[in-house]
$ cat structure-v4.csv   # CSV, C-alpha atoms
chain,number,residue,atom,x,y,z
A,1,MET,CA,-22.6,2.2,-17.3
A,2,THR,CA,-21.5,0.2,-20.3
A,3,GLY,CA,-21.6,1.7,-23.8
A,4,THR,CA,-22.5,-0.1,-27.0
A,5,THR,CA,-19.0,0.0,-28.5
A,6,VAL,CA,-17.3,-2.6,-26.3
A,7,TYR,CA,-14.4,-4.8,-27.3
A,8,ARG,CA,-13.9,-7.8,-25.0
A,9,ILE,CA,-11.1,-10.3,-24.6
A,10,VAL,CA,-11.7,-13.3,-22.5
A,11,TRP,CA,-8.9,-15.5,-21.3
A,12,SER,CA,-10.3,-19.0,-21.4
A,13,PRO,CA,-9.9,-20.6,-18.0
A,14,GLY,CA,-7.7,-23.6,-17.9
A,15,SER,CA,-6.0,-22.6,-21.2
A,16,ASP,CA,-3.6,-20.1,-22.7
A,17,ARG,CA,-6.1,-19.1,-25.3
A,18,LEU,CA,-7.7,-15.7,-25.6
A,19,VAL,CA,-11.0,-15.0,-27.3
A,20,GLY,CA,-11.7,-11.6,-28.7
A,21,VAL,CA,-15.3,-10.5,-29.2
A,22,CYS,CA,-16.1,-7.3,-31.2
A,23,HIS,CA,-19.2,-5.2,-30.6
A,24,CYS,CA,-20.3,-6.3,-34.1
A,25,GLY,CA,-20.4,-9.9,-32.9
A,26,ALA,CA,-17.3,-11.1,-34.7
A,27,ASP,CA,-15.0,-13.2,-32.6
A,28,GLN,CA,-11.5,-14.6,-32.9
A,29,GLU,CA,-9.3,-16.9,-30.9
A,30,ALA,CA,-5.6,-16.1,-30.5
A,31,ASP,CA,-2.5,-16.7,-28.4
A,32,ASP,CA,-1.2,-13.2,-28.6
A,33,PRO,CA,-3.0,-10.2,-27.0
A,34,VAL,CA,-1.1,-7.7,-29.3
A,35,ARG,CA,-2.3,-9.4,-32.4
A,36,LEU,CA,-5.8,-9.9,-31.0
A,37,TRP,CA,-6.2,-6.2,-30.1
A,38,GLN,CA,-5.1,-5.4,-33.7
A,39,TRP,CA,-7.7,-7.7,-35.1
A,40,LEU,CA,-10.5,-6.3,-32.8
A,41,LEU,CA,-9.6,-2.6,-33.5
A,42,ALA,CA,-9.6,-3.2,-37.2
A,43,HIS,CA,-13.4,-3.3,-37.0
A,44,PRO,CA,-15.2,-3.5,-39.4
A,45,GLU,CA,-12.3,-4.9,-41.4
A,46,HIS,CA,-11.8,-8.1,-39.4
A,47,GLU,CA,-9.4,-10.1,-41.5
A,48,ALA,CA,-8.8,-13.8,-41.1
A,49,MET,CA,-5.7,-14.4,-38.9
A,50,ASP,CA,-3.5,-17.3,-38.1
A,51,ASP,CA,-4.5,-17.6,-34.5
A,52,ARG,CA,-1.4,-19.5,-33.3
A,53,GLU,CA,2.0,-18.0,-32.8
B,54,MET,CA,5.6,-1.1,-27.9
B,55,SER,CA,7.0,1.2,-25.3
B,56,ALA,CA,5.4,2.9,-22.3
B,57,THR,CA,3.6,6.2,-23.1
B,58,THR,CA,5.7,9.3,-22.2
B,59,ALA,CA,3.9,12.4,-23.6
B,60,PHE,CA,0.9,14.0,-21.9
B,61,ALA,CA,-2.7,14.0,-22.9
B,62,ARG,CA,-3.9,17.6,-23.0
B,63,ASN,CA,-7.4,18.9,-22.7
B,64,GLN,CA,-8.0,16.6,-19.7
B,65,TRP,CA,-8.7,16.8,-16.0
B,66,TYR,CA,-6.0,15.7,-13.7
B,67,VAL,CA,-5.9,15.4,-9.9
B,68,ALA,CA,-3.5,18.1,-8.6
B,69,ALA,CA,-4.0,17.7,-4.9
B,70,TYR,CA,-6.2,16.3,-2.1
B,71,SER,CA,-8.7,18.9,-0.8
B,72,GLN,CA,-7.0,18.7,2.6
B,73,GLU,CA,-3.7,19.9,1.0
B,74,VAL,CA,-5.2,23.1,-0.4
B,75,GLY,CA,-5.7,25.8,2.1
B,76,GLU,CA,-4.2,29.1,3.3
B,77,GLU,CA,-0.6,28.1,2.3
B,78,LEU,CA,0.5,28.4,-1.3
B,79,LEU,CA,1.0,24.8,-2.6
B,80,ALA,CA,3.3,24.2,-5.6
B,81,ARG,CA,2.5,21.4,-8.0
B,82,THR,CA,3.7,20.6,-11.5
B,83,ILE,CA,1.1,18.9,-13.6
B,84,CYS,CA,2.0,17.8,-17.1
B,85,GLY,CA,5.1,20.0,-17.0
B,86,GLU,CA,3.1,23.1,-16.0
B,87,PRO,CA,4.0,24.7,-12.7
B,88,ILE,CA,0.8,25.6,-10.8
B,89,VAL,CA,0.3,27.3,-7.4
B,90,LEU,CA,-2.8,26.2,-5.5
B,91,TYR,CA,-4.5,27.9,-2.6
B,92,ARG,CA,-8.0,28.4,-1.2
B,93,THR,CA,-9.7,31.8,-1.1
B,94,THR,CA,-11.4,33.1,2.0
B,95,ASP,CA,-14.8,31.9,0.7
B,96,GLY,CA,-13.4,28.4,0.4
B,97,THR,CA,-12.8,28.2,-3.3
B,98,ALA,CA,-9.8,26.3,-4.6
B,99,VAL,CA,-7.7,28.3,-7.0
B,100,GLY,CA,-5.0,27.3,-9.4
B,101,LEU,CA,-2.7,29.9,-11.1
B,102,ALA,CA,0.4,29.5,-13.2
B,103,ASP,CA,3.3,29.4,-10.7
B,104,ARG,CA,5.4,32.0,-12.4
B,105,CYS,CA,5.2,35.8,-12.0
B,106,VAL,CA,4.7,37.4,-15.4
B,107,HIS,CA,7.5,39.8,-14.7
B,108,ARG,CA,10.7,37.7,-14.0
B,109,ARG,CA,9.1,34.2,-13.6
B,110,TYR,CA,9.5,34.1,-9.8
B,111,PRO,CA,7.5,31.2,-8.3
B,112,LEU,CA,4.3,32.6,-6.9
B,113,SER,CA,4.3,29.6,-4.5
B,114,MET,CA,7.3,31.2,-2.8
B,115,SER,CA,5.5,34.4,-2.3
B,116,ARG,CA,2.9,35.5,0.2
B,117,ARG,CA,-0.9,36.1,0.3
B,118,ASP,CA,-2.6,39.4,0.9
B,119,GLY,CA,-6.2,38.3,1.5
B,120,ASP,CA,-7.2,36.4,-1.7
B,121,ARG,CA,-4.4,37.9,-3.7
B,122,ILE,CA,-0.8,36.7,-4.1
B,123,VAL,CA,1.9,39.3,-3.8
B,124,CYS,CA,5.0,38.1,-5.7
B,125,GLY,CA,7.9,37.7,-3.3
B,126,TYR,CA,10.4,39.2,-5.7
B,127,HIS,CA,9.1,42.6,-6.8
B,128,GLY,CA,5.5,42.8,-5.5
B,129,PHE,CA,3.4,42.1,-8.6
B,130,THR,CA,0.0,41.4,-7.1
B,131,TYR,CA,-2.5,38.9,-8.6
B,132,GLU,CA,-6.2,38.3,-8.1
B,133,PRO,CA,-7.5,34.7,-8.0
B,134,SER,CA,-8.5,35.3,-11.7
B,135,GLY,CA,-4.9,35.7,-12.5
B,136,ALA,CA,-5.3,39.4,-13.3
B,137,CYS,CA,-2.5,41.7,-12.0
B,138,VAL,CA,-3.8,44.5,-9.9
B,139,TYR,CA,-0.5,46.1,-8.7
B,140,VAL,CA,2.9,46.6,-10.1
B,141,PRO,CA,5.6,48.5,-8.2
B,142,ALA,CA,6.4,52.2,-8.6
B,143,GLN,CA,4.0,53.0,-11.4
B,144,THR,CA,0.2,53.4,-11.9
B,145,ARG,CA,-0.1,51.9,-15.3
B,146,ILE,CA,-0.5,48.1,-15.2
B,147,PRO,CA,0.6,46.6,-18.5
B,148,ARG,CA,-2.2,44.9,-20.4
B,149,THR,CA,-0.3,41.7,-20.5
B,150,ALA,CA,0.2,41.6,-16.7
B,151,ARG,CA,-1.8,38.5,-16.0
B,152,VAL,CA,-1.0,34.8,-15.2
B,153,PRO,CA,-3.1,32.0,-16.6
B,154,ALA,CA,-5.8,30.7,-14.2
B,155,TYR,CA,-6.5,27.0,-14.4
B,156,PRO,CA,-10.0,25.7,-14.4
B,157,VAL,CA,-10.4,23.9,-11.0
B,158,VAL,CA,-13.1,21.4,-9.8
B,159,GLU,CA,-13.1,20.2,-6.3
B,160,GLN,CA,-15.2,17.1,-5.9
B,161,ASP,CA,-15.1,13.9,-3.7
B,162,THR,CA,-12.1,15.4,-1.7
B,163,LEU,CA,-10.0,15.7,-4.9
B,164,VAL,CA,-8.9,18.9,-6.5
B,165,TRP,CA,-8.8,18.5,-10.3
B,166,VAL,CA,-7.2,21.0,-12.7
B,167,TRP,CA,-7.8,21.2,-16.4
B,168,ILE,CA,-4.6,21.0,-18.5
B,169,GLY,CA,-5.3,22.3,-21.9
B,170,ASP,CA,-7.4,25.0,-23.5
B,171,PRO,CA,-9.7,26.5,-20.7
B,172,GLU,CA,-12.4,27.0,-23.3
B,173,ASN,CA,-12.8,23.3,-23.5
B,174,ALA,CA,-13.0,22.6,-19.8
B,175,ASP,CA,-16.3,21.0,-18.8
B,176,PRO,CA,-16.7,20.4,-15.1
B,177,ALA,CA,-19.3,17.7,-15.9
B,178,ASP,CA,-16.5,15.6,-17.4
B,179,VAL,CA,-14.7,15.2,-14.0
B,180,PRO,CA,-15.3,11.6,-13.0
B,181,ARG,CA,-16.9,10.8,-9.7
B,182,VAL,CA,-15.3,8.8,-6.9
B,183,PRO,CA,-18.1,8.8,-4.4
B,184,TRP,CA,-16.7,6.5,-1.7
B,185,LEU,CA,-14.0,9.1,-0.9
B,186,ASP,CA,-16.6,11.3,0.7
B,187,ALA,CA,-19.7,9.1,1.3
B,188,PRO,CA,-21.3,8.1,4.6
B,189,GLY,CA,-20.6,4.5,5.4
B,190,TRP,CA,-17.0,4.6,4.0
B,191,THR,CA,-13.6,5.3,5.6
B,192,THR,CA,-10.6,6.3,3.5
B,193,VAL,CA,-6.9,6.3,4.1
B,194,ARG,CA,-4.7,8.0,1.6
B,195,GLY,CA,-1.3,9.3,0.6
B,196,MET,CA,0.8,10.6,-2.2
B,197,GLU,CA,4.2,9.4,-3.4
B,198,PRO,CA,6.3,11.2,-6.0
B,199,LEU,CA,7.5,8.7,-8.5
B,200,ALA,CA,10.8,9.2,-10.4
B,201,ALA,CA,9.3,7.4,-13.4
B,202,ARG,CA,7.0,8.2,-16.3
B,203,TYR,CA,3.3,7.8,-15.6
B,204,GLY,CA,2.9,5.1,-18.3
B,205,LEU,CA,4.9,2.8,-16.0
B,206,LEU,CA,2.4,3.2,-13.2
B,207,VAL,CA,-0.5,2.6,-15.6
B,208,ASP,CA,1.2,-0.6,-16.8
B,209,ASN,CA,1.7,-1.6,-13.2
B,210,LEU,CA,-1.8,-1.1,-12.1
B,211,MET,CA,-3.5,-2.6,-15.1
B,212,ASP,CA,-1.7,-6.0,-14.5
B,213,LEU,CA,-2.3,-7.1,-11.0
B,214,SER,CA,-0.5,-10.4,-11.5
B,215,HIS,CA,2.6,-8.5,-10.2
B,216,GLU,CA,1.0,-8.5,-6.8
B,217,THR,CA,2.1,-12.2,-6.4
B,218,TYR,CA,5.7,-11.4,-6.9
B,219,LEU,CA,6.2,-7.7,-5.8
B,220,HIS,CA,3.7,-7.6,-3.0
B,221,GLY,CA,3.8,-11.1,-1.5
B,222,GLY,CA,2.9,-11.1,2.2
B,223,TYR,CA,0.7,-8.0,1.8
B,224,ILE,CA,-1.8,-8.2,-1.0
B,225,GLY,CA,-0.2,-10.8,-3.2
B,226,THR,CA,-1.1,-14.5,-3.2
B,227,PRO,CA,-0.3,-17.2,-5.7
B,228,GLU,CA,-3.8,-17.2,-7.1
B,229,VAL,CA,-3.7,-13.6,-8.4
B,230,ALA,CA,-1.1,-14.4,-11.0
B,231,GLU,CA,-2.7,-17.7,-11.8
B,232,THR,CA,-6.3,-16.5,-12.4
B,233,PRO,CA,-7.3,-15.6,-16.0
B,234,ILE,CA,-8.8,-12.1,-16.6
B,235,THR,CA,-11.5,-10.6,-18.8
B,236,THR,CA,-10.7,-7.3,-20.4
B,237,GLU,CA,-13.1,-4.8,-21.9
B,238,VAL,CA,-12.6,-1.6,-23.7
B,239,ASP,CA,-15.6,0.6,-23.6
B,240,GLU,CA,-15.0,3.1,-26.4
B,241,ASP,CA,-18.2,5.2,-25.6
B,242,ALA,CA,-17.4,5.6,-22.0
B,243,GLY,CA,-13.6,5.9,-22.5
B,244,ILE,CA,-12.9,3.1,-19.9
B,245,VAL,CA,-10.8,0.0,-19.8
B,246,ARG,CA,-12.1,-2.7,-17.5
B,247,VAL,CA,-10.1,-5.7,-16.3
B,248,SER,CA,-11.9,-8.3,-14.2
B,249,ARG,CA,-10.3,-11.1,-12.2
B,250,ARG,CA,-12.7,-13.3,-10.1
B,251,MET,CA,-11.0,-15.7,-7.8
B,252,LYS,CA,-13.0,-18.4,-5.9
B,253,ASP,CA,-11.9,-20.3,-2.8
B,254,VAL,CA,-8.5,-18.6,-2.5
B,255,GLU,CA,-6.1,-17.6,0.2
B,256,CYS,CA,-6.9,-14.4,2.0
B,257,PRO,CA,-3.8,-12.1,1.9
B,258,PRO,CA,-2.8,-10.4,5.2
B,259,PHE,CA,-4.0,-7.0,4.0
B,260,TYR,CA,-7.6,-8.2,3.9
B,261,ALA,CA,-7.4,-10.9,6.6
B,262,ARG,CA,-6.3,-8.5,9.3
B,263,SER,CA,-8.5,-5.6,8.2
B,264,THR,CA,-11.8,-7.5,7.5
B,265,GLY,CA,-11.3,-10.2,10.2
B,266,ILE,CA,-12.4,-12.9,7.8
B,267,ALA,CA,-10.7,-16.1,8.8
B,268,GLY,CA,-10.2,-18.8,6.2
B,269,ARG,CA,-10.5,-18.9,2.5
B,270,ILE,CA,-12.3,-16.3,0.5
B,271,ASP,CA,-13.8,-15.4,-2.8
B,272,ARG,CA,-11.9,-12.3,-4.1
B,273,TRP,CA,-12.9,-10.1,-7.0
B,274,GLN,CA,-10.7,-7.6,-8.6
B,275,ASP,CA,-12.6,-5.4,-11.0
B,276,ILE,CA,-10.4,-2.6,-12.5
B,277,GLU,CA,-11.9,0.4,-14.1
B,278,TYR,CA,-9.4,2.7,-15.7
B,279,ARG,CA,-10.5,6.0,-17.1
B,280,PRO,CA,-7.6,7.5,-19.0
B,281,PRO,CA,-5.6,9.5,-18.4
B,282,CYS,CA,-5.8,10.0,-14.6
B,283,LEU,CA,-8.3,7.9,-12.7
B,284,TYR,CA,-7.9,4.3,-11.8
B,285,GLN,CA,-10.2,2.4,-9.5
B,286,LEU,CA,-9.9,-1.2,-8.3
B,287,HIS,CA,-13.3,-2.4,-7.0
B,288,SER,CA,-12.2,-5.1,-4.6
B,289,ARG,CA,-14.7,-7.6,-3.1
B,290,ILE,CA,-13.7,-9.9,-0.3
B,291,ALA,CA,-16.1,-12.5,1.1
B,292,PRO,CA,-16.0,-15.9,2.8
B,293,THR,CA,-15.9,-18.5,0.1
B,294,GLY,CA,-19.4,-19.2,-1.2
B,295,VAL,CA,-21.0,-15.9,-0.1
B,296,GLU,CA,-22.5,-14.4,-3.2
B,297,PRO,CA,-24.4,-11.2,-3.7
B,298,GLY,CA,-28.2,-11.6,-3.3
B,299,PRO,CA,-30.5,-11.8,-6.3
B,300,ASP,CA,-31.4,-8.2,-5.8
B,301,GLY,CA,-27.8,-7.2,-5.7
B,302,ASP,CA,-27.6,-6.9,-2.0
B,303,ASP,CA,-24.0,-7.6,-1.1
B,304,ARG,CA,-23.8,-6.5,2.5
B,305,ALA,CA,-22.4,-9.9,3.5
B,306,ALA,CA,-19.2,-9.1,1.7
B,307,CYS,CA,-16.5,-6.5,2.4
B,308,HIS,CA,-15.7,-3.9,-0.3
B,309,ALA,CA,-12.5,-1.9,-0.7
B,310,GLU,CA,-12.2,0.7,-3.4
B,311,ILE,CA,-8.5,1.1,-4.3
B,312,VAL,CA,-8.2,4.4,-6.0
B,313,TYR,CA,-5.3,5.9,-7.8
B,314,ALA,CA,-4.9,9.3,-9.4
B,315,ILE,CA,-2.1,8.9,-11.9
B,316,THR,CA,-0.9,12.5,-12.6
B,317,PRO,CA,2.1,13.1,-14.8
B,318,GLU,CA,4.4,15.7,-13.2
B,319,THR,CA,7.0,15.8,-15.9
B,320,GLU,CA,7.8,13.4,-18.7
B,321,HIS,CA,9.9,11.4,-16.3
B,322,THR,CA,8.1,11.9,-12.9
B,323,THR,CA,4.6,11.2,-11.7
B,324,LEU,CA,2.4,12.1,-8.7
B,325,ASP,CA,1.1,8.8,-7.4
B,326,PHE,CA,-2.1,9.7,-5.4
B,327,TRP,CA,-3.3,6.5,-3.6
B,328,MET,CA,-6.5,6.0,-1.7
B,329,VAL,CA,-8.1,3.0,0.0
B,330,SER,CA,-11.8,3.3,0.9
B,331,ARG,CA,-13.6,0.6,2.7
B,332,ASP,CA,-17.2,-0.2,3.8
B,333,PHE,CA,-16.1,-2.5,6.7
B,334,ALA,CA,-14.6,-1.5,10.0
B,335,VAL,CA,-15.8,2.0,9.2
B,336,GLY,CA,-14.2,4.5,11.6
B,337,ASP,CA,-12.0,1.8,13.3
B,338,GLU,CA,-8.8,3.7,13.8
B,339,GLU,CA,-6.7,0.6,14.3
B,340,VAL,CA,-7.8,-0.8,11.0
B,341,SER,CA,-7.2,2.5,9.3
B,342,GLU,CA,-3.7,2.7,10.7
B,343,TYR,CA,-3.0,-0.9,9.6
B,344,LEU,CA,-4.3,-0.3,6.1
B,345,ALA,CA,-2.5,3.0,5.7
B,346,THR,CA,0.8,1.5,6.8
B,347,SER,CA,0.3,-1.6,4.7
B,348,ASN,CA,-0.7,0.2,1.6
B,349,HIS,CA,2.1,2.7,1.9
B,350,THR,CA,4.5,-0.3,2.0
B,351,VAL,CA,2.9,-1.7,-1.1
B,352,VAL,CA,3.0,1.7,-2.9
B,353,MET,CA,6.7,2.1,-1.9
B,354,GLN,CA,7.4,-1.4,-3.3
B,355,ASP,CA,6.0,-0.2,-6.6
B,356,VAL,CA,7.9,3.1,-6.4
B,357,VAL,CA,11.2,1.3,-6.0
B,358,ALA,CA,10.4,-1.0,-8.9
B,359,LEU,CA,9.1,1.7,-11.2
B,360,ASN,CA,12.0,4.1,-10.4
B,361,ALA,CA,14.4,1.3,-11.4
B,362,LEU,CA,12.4,0.6,-14.6
B,363,GLU,CA,12.6,4.3,-15.5
B,364,GLN,CA,16.4,4.2,-15.2
B,365,VAL,CA,16.5,1.1,-17.4
B,366,ILE,CA,14.2,2.6,-20.1
B,367,ALA,CA,15.8,6.0,-20.1
B,368,ALA,CA,19.2,4.5,-20.7
B,369,GLU,CA,18.2,2.0,-23.4
B,370,PRO,CA,18.3,2.7,-27.2
B,371,ALA,CA,15.0,3.4,-28.9
B,372,GLY,CA,13.1,0.5,-30.4
B,373,TYR,CA,13.4,-2.1,-27.7
B,374,GLN,CA,11.0,-4.9,-28.5
B,375,GLU,CA,9.0,-5.8,-25.4
B,376,LEU,CA,7.2,-9.2,-25.0
B,377,SER,CA,3.5,-9.1,-24.1
B,378,ILE,CA,1.5,-12.1,-22.9
B,379,ASN,CA,-2.0,-12.7,-21.7
B,380,ILE,CA,-1.6,-10.9,-18.4
B,381,ASP,CA,-0.9,-7.7,-20.4
B,382,THR,CA,-4.2,-7.6,-22.3
B,383,GLY,CA,-5.5,-4.8,-20.1
B,384,GLY,CA,-2.3,-2.8,-20.1
B,385,LEU,CA,-2.1,-2.9,-23.8
B,386,ALA,CA,-5.7,-1.6,-24.0
B,387,ALA,CA,-4.8,1.3,-21.6
B,388,ARG,CA,-1.7,2.2,-23.6
B,389,ARG,CA,-3.7,2.4,-26.8
B,390,MET,CA,-6.4,4.6,-25.2
B,391,LEU,CA,-3.7,6.9,-23.8
B,392,ARG,CA,-2.1,7.1,-27.3
B,393,ASP,CA,-5.4,8.1,-28.8
B,394,LEU,CA,-5.7,11.0,-26.3
B,395,LEU,CA,-2.5,12.5,-27.4
$ encode --input "structure-v4.csv" --output "structure tokens"
Amino acid sequence: MTGTTVYRIVWSPGSDRLVGVCHCGADQEADDPVRLWQWLLAHPEHEAMDDRE
Amino acid sequence: MSATTAFARNQWYVAAYSQEVGEELLARTICGEPIVLYRTTDGTAVGLADRCVHRRYPLSMSRRDGDRIVCGYHGFTYEPSGACVYVPAQTRIPRTARVPAYPVVEQDTLVWVWIGDPENADPADVPRVPWLDAPGWTTVRGMEPLAARYGLLVDNLMDLSHETYLHGGYIGTPEVAETPITTEVDEDAGIVRVSRRMKDVECPPFYARSTGIAGRIDRWQDIEYRPPCLYQLHSRIAPTGVEPGPDGDDRAACHAEIVYAITPETEHTTLDFWMVSRDFAVGDEEVSEYLATSNHTVVMQDVVALNALEQVIAAEPAGYQELSINIDTGGLAARRMLRDLL
């Protein structure tokens, strides 16, 4: 069973890029999973981030 | 970020397999708490603090008198409830003569104990692992003590790309490390999921020999980690191109449920309960023997690696800066959930 508060990170096939999707619908691309988790878990305060290392 | 070392309390942990708990007194340490486990004559599994209230003698080194334990040092005698009913040479039993009794739930061939305030223990919170005890499934299992903190085993299991390098020739193939993953954190359910779906890939010997599938396969690895203790890898193996039916019927594929109970023993040791359930070659003793031997080999490869890592981490100064990359997305999520439980 899947709840409604789900954070998802998809590693785009064929690339090194990660795409994070918050349960509120906000999304963000990044190279670094540590920073991307920080961005997701900041919900609802998703701040703009430089998505390249 | 370093691996988690402290214990999450007010949680259920697997302390033993059902088959291990019987007439004999079984000593286990869970989250630093020594516990003696046994089964009463009516079949109920019991867990008591493994220290006599008198001089702390291990009750697990004592003997039973029916459902009671008689301390092997001075004869203090305890009921399954932990209440002391006899002390030597006097009739008055001190009011404090009692050992803590642990809430115990036995389910799906696992014996779970509650570490924390017994008032908060809800048996309904014990997660189900139905394939361990369901018709149509066969399970092989074992337990290896790990001389490493449990967080290292969580890290290990959340990132299966290590299969390619540490377990080549058994479960690892080049494609495991090369295939991107999708990671989900389900905050409501308290679960981390990591999914790796591989199409048209090499079949590792572990599955080629056990399923009998010749040629290339579609291989799914769907991890479901429910911190702190239960890890399940839902593994699907099918000849390339064989998909589940539109109604979800997936009988053309083989399924293996790789289950781990990751139970902290002390801050630097872990009980590594491993189980492999399958819905193919059910009851085939030869396949069971092969899978048990192969998986034990794989587990021991992890044990050697994690024991070495524990030595490295224990000896290094605090503040070491690890490097995390895409393969660590699930492990990072698991670490965060574990931290939140502390």
$ closest_residue --input "structure-v4.csv" --among "B:Arg92, B:Gln354, B:Val182, B:Ala68" --to "B:Leu219" --atoms "only C-alpha atoms"
B:Gln354
$ residues_around --input "structure-v4.csv" --residues "stretch 335-349 of chain B" --least-positions-apart "3" --cutoff "8 Å" --atoms "only C-alpha atoms" --output "ChimeraX atom specification"
/B:189-195,223,259,263,329,331-332,352-353
$ atom_distance --input "structure-v4.csv" --atom1 "atom CA of B:Ile234" --atom2 "atom CA of B:Gln274"
9.4 Å
$ interface_residues --input "structure-v4.csv" --of "chain A" --to "chain B" --cutoff "6 Å" --atoms "only C-alpha atoms" --output "list in words"
Gly3, Thr5, Val6, Tyr7, Arg8, Ile9, Val10, Trp11, Pro13 and Pro33 of chain A
$ atom_distance --input "structure-v4.csv" --atom1 "atom CA of B:Gly135" --atom2 "atom CA of B:Asp161"
25.6 Å
$ residues_near_point --input "structure-v4.csv" --point "(-9.1, -13.6, -25.3)" --cutoff "7 Å" --atoms "all atoms listed in the file" --output "ChimeraX atom specification"
/A:9-12,17-20,29-30
$ residues_around --input "structure-v4.csv" --residues "B:Gln64" --least-positions-apart "4" --cutoff "9 Å" --atoms "all atoms listed in the file" --output "list in words"
Val166, Trp167, Ile168, Gly169, Ala174, Asp178, Val179, Pro281, Cys282 and Leu394 of chain B
$ atom_distance --input "structure-v4.csv" --atom1 "atom CA of B:Glu76" --atom2 "atom CA of B:Thr130"
16.6 Å
$ closest_residue --input "structure-v4.csv" --among "B:Leu286, B:Val67, B:Val295, B:Cys124" --to "B:Pro180" --atoms "only C-alpha atoms"
B:Val67
$ residues_near_point --input "structure-v4.csv" --point "(-18.4, -5.5, -31.1)" --cutoff "10 Å" --atoms "all atoms listed in the file" --output "JSON, numbers by chain"
{"A": [4, 5, 6, 7, 8, 20, 21, 22, 23, 24, 25, 26, 27, 40, 41, 43, 44]}
$ closest_residue --input "structure-v4.csv" --among "B:Asp212, B:Glu77, B:Asp325, B:Asp300" --to "B:Ser115" --atoms "all atoms listed in the file"
B:Glu77
$ residues_around --input "structure-v4.csv" --residues "B:Leu163" --least-positions-apart "6" --cutoff "7 Å" --atoms "only C-alpha atoms" --output "PyMOL selection string"
chain B and resi 67+69-71
$ closest_residue --input "structure-v4.csv" --among "B:Arg104, B:Arg272, B:Arg388, B:Arg250" --to "B:Gly125" --atoms "all atoms listed in the file"
B:Arg104
$ decode --input "structure-v4.csv" --residues "stretch 24-35 of chain A" --atoms "N, CA and C atoms" --output "short mmCIF file (atom, residue, chain, number, x, y, z; two decimals), in the first residue's frame"
data_model
loop_
_atom_site.label_atom_id
_atom_site.label_comp_id
_atom_site.auth_asym_id
_atom_site.auth_seq_id
_atom_site.Cartn_x
_atom_site.Cartn_y
_atom_site.Cartn_z
N CYS A 24 3.88 17.15 -3.19
CA CYS A 24 3.09 18.34 -3.52
C CYS A 24 3.12 18.64 -5.00
N GLY A 25 3.92 17.88 -5.74
CA GLY A 25 3.99 18.07 -7.18
C GLY A 25 5.23 18.81 -7.64
N ALA A 26 5.94 19.46 -6.71
CA ALA A 26 7.17 20.17 -7.10
C ALA A 26 8.22 19.17 -7.55
N ASP A 27 9.04 19.58 -8.53
CA ASP A 27 10.11 18.68 -8.94
C ASP A 27 11.40 19.46 -9.14
N GLN A 28 12.48 18.71 -9.15
CA GLN A 28 13.80 19.33 -9.22
C GLN A 28 14.78 18.32 -9.81
N GLU A 29 15.64 18.79 -10.71
CA GLU A 29 16.72 17.94 -11.21
C GLU A 29 17.99 18.22 -10.43
N ALA A 30 18.85 17.23 -10.33
CA ALA A 30 20.11 17.42 -9.63
C ALA A 30 21.09 16.31 -10.01
N ASP A 31 22.35 16.55 -9.66
CA ASP A 31 23.40 15.54 -9.85
C ASP A 31 23.71 14.81 -8.56
N ASP A 32 23.29 15.37 -7.46
CA ASP A 32 23.76 14.91 -6.16
C ASP A 32 22.58 14.46 -5.29
N PRO A 33 22.53 13.14 -4.93
CA PRO A 33 21.37 12.67 -4.15
C PRO A 33 21.27 13.30 -2.77
N VAL A 34 22.40 13.66 -2.17
CA VAL A 34 22.35 14.28 -0.83
C VAL A 34 21.60 15.61 -0.91
N ARG A 35 21.98 16.42 -1.88
CA ARG A 35 21.35 17.73 -2.01
C ARG A 35 19.90 17.59 -2.46
#
